[in-house]
Every structure is written in C-alpha cells, then in structure tokens.
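Shown here: target32.pdb, PDB, C-alpha atoms.
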```
ATOM      1  CA  MET A   1     132.832  78.088  23.503
ATOM      2  CA  THR A   2     136.040  76.677  24.776
ATOM      3  CA  PRO A   3     137.788  77.844  27.948
ATOM      4  CA  THR A   4     140.406  79.426  25.676
ATOM      5  CA  ALA A   5     137.922  81.540  23.695
ATOM      6  CA  THR A   6     138.906  85.179  23.802
ATOM      7  CA  PRO A   7     136.470  87.913  24.788
ATOM      8  CA  THR A   8     136.404  89.036  21.140
ATOM      9  CA  GLU A   9     135.520  85.525  19.961
ATOM     10  CA  VAL A  10     132.776  85.268  22.555
ATOM     11  CA  PHE A  11     131.334  88.629  21.474
ATOM     12  CA  HIS A  12     131.201  87.496  17.829
ATOM     13  CA  ALA A  13     129.603  84.163  18.793
ATOM     14  CA  LEU A  14     126.937  86.091  20.725
ATOM     15  CA  ALA A  15     126.375  88.531  17.848
ATOM     16  CA  ASP A  16     125.990  85.581  15.434
ATOM     17  CA  ALA A  17     123.650  83.467  17.586
ATOM     18  CA  VAL A  18     121.053  86.064  18.624
ATOM     19  CA  PRO A  19     119.892  86.908  15.074
ATOM     20  CA  ARG A  20     119.644  83.220  14.143
ATOM     21  CA  LEU A  21     117.547  82.600  17.262
ATOM     22  CA  VAL A  22     115.282  85.563  16.494
ATOM     23  CA  LEU A  23     114.777  84.200  12.981
ATOM     24  CA  GLY A  24     113.453  80.977  14.474
ATOM     25  CA  ASP A  25     116.489  78.712  14.725
ATOM     26  CA  ARG A  26     115.712  77.233  18.138
ATOM     27  CA  SER A  27     118.885  75.120  17.918
ATOM     28  CA  GLN A  28     120.779  78.327  18.798
ATOM     29  CA  LEU A  29     119.276  78.588  22.292
ATOM     30  CA  GLU A  30     121.510  76.190  24.212
ATOM     31  CA  PRO A  31     124.775  77.215  22.478
ATOM     32  CA  LEU A  32     123.815  80.825  23.225
ATOM     33  CA  ILE A  33     123.174  80.021  26.894
ATOM     34  CA  ASP A  34     126.493  78.161  26.976
ATOM     35  CA  LEU A  35     128.325  81.426  26.213
ATOM     36  CA  TYR A  36     127.497  82.529  29.776
ATOM     37  CA  ALA A  37     129.064  81.406  33.043
ATOM     38  CA  GLU A  38     126.993  80.089  35.920
ATOM     39  CA  PRO A  39     126.504  82.353  37.784
ATOM     40  CA  THR A  40     126.620  85.407  35.557
ATOM     41  CA  ASP A  41     125.514  89.032  35.848
ATOM     42  CA  VAL A  42     123.682  90.420  32.812
ATOM     43  CA  ARG A  43     122.020  93.810  33.043
ATOM     44  CA  LEU A  44     119.948  95.809  30.582
ATOM     45  CA  PRO A  45     120.480  99.426  31.702
ATOM     46  CA  PHE A  46     118.250 100.958  29.001
ATOM     47  CA  ALA A  47     115.284  98.630  29.544
ATOM     48  CA  PRO A  48     112.110 100.759  29.659
ATOM     49  CA  PHE A  49     111.011  99.158  32.918
ATOM     50  CA  PRO A  50     113.126  98.077  35.877
ATOM     51  CA  THR A  51     114.543  94.623  35.302
ATOM     52  CA  LYS A  52     116.318  92.236  37.605
ATOM     53  CA  PRO A  53     119.810  91.165  36.604
ATOM     54  CA  LEU A  54     119.958  87.860  34.774
ATOM     55  CA  ARG A  55     122.073  85.740  37.108
ATOM     56  CA  THR A  56     121.597  82.130  36.041
ATOM     57  CA  ARG A  57     121.421  80.148  32.838
ATOM     58  CA  ASP A  58     117.744  79.541  33.613
ATOM     59  CA  ASP A  59     117.222  83.336  33.716
ATOM     60  CA  LEU A  60     118.970  83.590  30.348
ATOM     61  CA  ARG A  61     116.958  80.694  28.929
ATOM     62  CA  ARG A  62     113.726  82.527  29.809
ATOM     63  CA  HIS A  63     115.090  85.805  28.433
ATOM     64  CA  PHE A  64     116.298  84.385  25.128
ATOM     65  CA  GLY A  65     113.463  81.865  24.903
ATOM     66  CA  GLY A  66     111.019  84.656  24.167
ATOM     67  CA  ALA A  67     113.123  86.049  21.325
ATOM     68  CA  THR A  68     111.272  84.320  18.510
ATOM     69  CA  VAL A  69     107.869  85.267  19.938
ATOM     70  CA  ALA A  70     108.881  88.912  20.438
ATOM     71  CA  ALA A  71     110.189  89.066  16.883
ATOM     72  CA  ASP A  72     107.151  87.629  15.114
ATOM     73  CA  GLY A  73     107.009  89.055  11.595
ATOM     74  CA  VAL A  74     110.772  89.539  11.305
ATOM     75  CA  GLU A  75     111.940  88.695   7.792
ATOM     76  CA  SER A  76     115.663  89.343   8.265
ATOM     77  CA  PHE A  77     117.896  90.136  11.224
ATOM     78  CA  ALA A  78     121.675  90.478  11.464
ATOM     79  CA  ALA A  79     124.408  92.042  13.591
ATOM     80  CA  ILE A  80     126.551  94.204  11.316
ATOM     81  CA  GLU A  81     129.310  96.826  11.472
ATOM     82  CA  ARG A  82     130.861  95.111  14.454
ATOM     83  CA  THR A  83     133.718  96.855  16.166
ATOM     84  CA  VAL A  84     135.378  95.349  19.207
ATOM     85  CA  HIS A  85     137.234  97.741  21.478
ATOM     86  CA  ALA A  86     139.876  96.287  23.773
ATOM     87  CA  THR A  87     140.212  97.721  27.253
ATOM     88  CA  ALA A  88     143.002  97.876  29.812
ATOM     89  CA  ASP A  89     141.392  94.829  31.445
ATOM     90  CA  PRO A  90     142.060  91.756  29.232
ATOM     91  CA  GLU A  91     138.753  90.187  30.345
ATOM     92  CA  VAL A  92     136.670  93.149  29.150
ATOM     93  CA  VAL A  93     135.701  94.116  25.608
ATOM     94  CA  ILE A  94     133.225  96.628  24.290
ATOM     95  CA  GLY A  95     131.319  95.403  21.262
ATOM     96  CA  GLU A  96     129.704  98.098  19.154
ATOM     97  CA  PHE A  97     127.358  97.041  16.342
ATOM     98  CA  HIS A  98     123.964  97.432  14.687
ATOM     99  CA  TYR A  99     121.086  94.987  14.519
ATOM    100  CA  VAL A 100     119.575  95.498  11.085
ATOM    101  CA  GLY A 101     116.811  93.741   9.269
ATOM    102  CA  ARG A 102     113.313  93.848   7.976
ATOM    103  CA  ALA A 103     110.090  93.299   9.919
ATOM    104  CA  HIS A 104     106.465  93.977   9.111
ATOM    105  CA  ALA A 105     107.524  95.199   5.629
ATOM    106  CA  ARG A 106     109.832  97.877   7.114
ATOM    107  CA  ASP A 107     113.609  98.049   7.356
ATOM    108  CA  PHE A 108     115.170  98.736  10.737
ATOM    109  CA  ASP A 109     118.573  99.637  12.160
ATOM    110  CA  VAL A 110     119.128  99.560  15.934
ATOM    111  CA  ALA A 111     122.506 100.572  17.376
ATOM    112  CA  CYS A 112     123.836  98.474  20.279
ATOM    113  CA  ILE A 113     126.797  98.341  22.624
ATOM    114  CA  PHE A 114     127.634  95.316  24.766
ATOM    115  CA  VAL A 115     130.244  95.542  27.493
ATOM    116  CA  LEU A 116     131.372  92.005  28.246
ATOM    117  CA  ARG A 117     133.615  90.506  30.897
ATOM    118  CA  VAL A 118     134.729  87.075  29.732
ATOM    119  CA  ARG A 119     136.570  84.644  31.953
ATOM    120  CA  ALA A 120     137.622  81.140  30.865
ATOM    121  CA  GLY A 121     135.705  81.568  27.615
ATOM    122  CA  ARG A 122     132.352  82.487  29.200
ATOM    123  CA  ILE A 123     130.539  85.739  29.907
ATOM    124  CA  VAL A 124     130.612  86.481  33.633
ATOM    125  CA  GLU A 125     129.250  90.023  33.282
ATOM    126  CA  SER A 126     127.450  91.875  30.535
ATOM    127  CA  ARG A 127     125.890  95.285  30.181
ATOM    128  CA  ASP A 128     123.698  95.339  27.089
ATOM    129  CA  TYR A 129     122.942  98.861  25.923
ATOM    130  CA  THR A 130     120.200  98.624  23.312
ATOM    131  CA  ASP A 131     117.447 100.954  22.141
ATOM    132  CA  PRO A 132     114.094  99.624  23.409
ATOM    133  CA  VAL A 133     112.103 102.174  21.388
ATOM    134  CA  GLY A 134     114.006 101.210  18.242
ATOM    135  CA  PHE A 135     113.277  97.526  18.851
ATOM    136  CA  ALA A 136     109.606  98.210  19.627
ATOM    137  CA  ARG A 137     109.318 100.152  16.380
ATOM    138  CA  ALA A 138     111.190  97.468  14.413
ATOM    139  CA  PHE A 139     109.069  94.606  15.758
ATOM    140  CA  GLY A 140     105.718  96.368  15.468
ATOM    141  CA  GLN A 141     105.337  96.782  19.241
ATOM    142  CA  LEU A 142     105.552 100.572  19.571
ATOM    143  CA  ASP A 143     101.877 100.966  20.522
ATOM    144  CA  THR A 144     102.218  98.238  23.140
ATOM    145  CA  LEU A 145     105.302  99.892  24.616
ATOM    146  CA  ALA A 146     103.677 103.337  24.633
ATOM    147  CA  ALA A 147     100.551 101.985  26.347
ATOM    148  CA  ALA A 148     102.670 100.256  28.986
ATOM    149  CA  LEU A 149     104.665 103.434  29.618
ATOM    150  CA  VAL A 150     101.488 105.480  30.071
ATOM    151  CA  GLY A 151      99.601 102.840  32.038
TER     152      GLY A 151
END
```
Could you rewrite the structure in this file as structure tokens?
Amino acid sequence: MTPTATPTEVFHALADAVPRLVLGDRSQLEPLIDLYAEPTDVRLPFAPFPTKPLRTRDDLRRHFGGATVAADGVESFAAIERTVHATADPEVVIGEFHYVGRAHARDFDVACIFVLRVRAGRIVESRDYTDPVGFARAFGQLDTLAAALVG
C-alpha cells in the first residue's frame, strides 16, 4: 500500500489478500505483511486460548504463514458482504464482513469484524473479532479444538 492509502482501502486490501493466501497463493504473504506498520499491535480478542499481541512483521509472517496449512482441504474462500464503518477518528475504520467458502465438502459462513487503525497507509493497530469455533468447524478442526479446550 502507499502512504496515501485510506483506512478503507487498506481494509479491502486485507480482506482480498487473506482468502488468496488461504487458497495457497503464497505470493500474497509479503504484500499482506506490508499492509502492517513496524511495529504494529494486532490482537485476537476471541482466540480460544490466550495469545500474545502480534507486534512485528515477523510475528505476522508466522501468523499468516500457517494459513495455508490450517486451511488444508479448503476449496473456496472469500470475504463477502463487506461494510466499512467510518468513525470519529479518521485513522479508525470498522470492517464488517463474512468469510464464506467450502471446505471438506461443506459450505461455511463465518462472520468477522476488524477494527483497524491505519496511519500513513499501514495498519498500526488491529482488533480482529472472528469466530474460532466457526473456523474450526469450517476447516475440519472442531475435534482438535474441543480436545484442546478440555485438555
């Protein structure tokens, strides 16, 4: 992204790149990482287990680098029904959307909300509110998640 990219443009670039990465397009990794400032502050408040904030591009590279492995068996994946809500702070947008697709011969639909703070065309803060149970179900990992929660 350019330093003049708006928060809305950055949100759409993020929403476009993640599905392509999940579907195996490894060329999306570095452009995706480049959407974030160094340092940054990315948090996953609904993660089923405590997670540390992602603060560096190396943290993000590790996080996104596992996307294609975690989504093995995914036939289609897209971010749809995107709505961007402006806020009183021009750096902050709220992106509301659904990840939809097909995996393991089943359709899925997972609602998401990202709250992004974008400065000079890069994400300096993000709160990614996603449904971990919905993703586990979609990607055929529900038993693994349940066992980890019990264990």
Could you spell out the hits of the PyMOL selection byres ((chain A and resi 133-135) around 9) on the shown file, as a list in words? Pro48, Phe108, Asp109, Val110, Ala111, Thr130, Asp131, Pro132, Ala136, Arg137, Ala138, Phe139, Gly140, Gln141, Leu142 and Leu145 of chain A
Output of the PyMOL selection byres ((chain A and resi 21) around 12), listed as a PyMOL selection string: chain A and resi 14-20+22-33+61+63-72+74+76-78
Have a look at atom CA of A:Ala5 and atom CA of A:Arg43 and let me know their distance in Å, one decimal. 22.2 Å
When distances are computed from all atoms listed in the file, which of A:Ala13, A:Ala47, A:Val100, A:Val42 shows the smallest separation from A:Glu81?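 Checking each of A:Ala13, A:Ala47, A:Val100, A:Val42 against A:Glu81, counting all atoms listed in the file, the winner is A:Val100.
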Just the residues within 9 Å of stretch 91-96 of chain A, please, counting only C-alpha atoms, with nothing from its chain fewer than 2 positions along; format it as a list in words.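 With the cut-off at 9 Å, the set is Thr6, Pro7, Thr8, Phe11, His12, Glu81, Arg82, Thr83, Val84, His85, Ala86, Thr87, Ala88, Asp89, His98, Ala111, Cys112, Ile113, Phe114, Val115, Leu116, Arg117, Val118 and Arg119 of chain A.
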List every protein, DNA or RNA residue that has an atom no more than 7 Å from (123.5, 96.0, 30.6) in the file's coordinate frame, counting only C-alpha atoms, and report them as a compact mmCIF listing (two decimals) with C-alpha atoms, in the coordinates of the input.
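Output contents, as saved in part.txt:
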```
# COMPACT_ATOMS: atom_id res chain seq x y z
CA VAL A 42 123.68 90.42 32.81
CA ARG A 43 122.02 93.81 33.04
CA LEU A 44 119.95 95.81 30.58
CA PRO A 45 120.48 99.43 31.70
CA SER A 126 127.45 91.88 30.54
CA ARG A 127 125.89 95.28 30.18
CA ASP A 128 123.70 95.34 27.09
CA TYR A 129 122.94 98.86 25.92
```
Between A:Leu60, A:Gly101, A:Ala120, A:Pro50, which is the closest to A:Thr4 once you count all atoms listed in the file?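 Checking each candidate against A:Thr4, we get A:Ala120 as the closest.
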Pairwise distance for atom CA of A:Val10 and atom CA of A:Arg62, rounded to one decimal in Å: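 Rounded to one decimal, the two atoms are 20.6 Å apart.
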Need the neighbours of (130.6, 74.7, 26.6): which residues are at most 7 Å away, counting only C-alpha atoms, as number ranges by chain? A: 1-2, 34
On this file, the PyMOL selection byres ((chain A and resi 103) around 6) gives some set of residues; write that set as a PDB file with C-alpha atoms, in the frame of the given file.
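What follows is the written file result_34.pdb:
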```pdb
ATOM      1  CA  GLY A  73     107.009  89.055  11.595  1.00  0.00           C
ATOM      2  CA  VAL A  74     110.772  89.539  11.305  1.00  0.00           C
ATOM      3  CA  GLU A  75     111.940  88.695   7.792  1.00  0.00           C
ATOM      4  CA  ARG A 102     113.313  93.848   7.976  1.00  0.00           C
ATOM      5  CA  HIS A 104     106.465  93.977   9.111  1.00  0.00           C
ATOM      6  CA  ALA A 105     107.524  95.199   5.629  1.00  0.00           C
ATOM      7  CA  ARG A 106     109.832  97.877   7.114  1.00  0.00           C
TER       8      ARG A 106
END
```
So what do you get for atom CA of A:Glu125 versus atom CA of A:Lys52, distance-wise?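 Here the two named atoms are 13.8 Å from each other.
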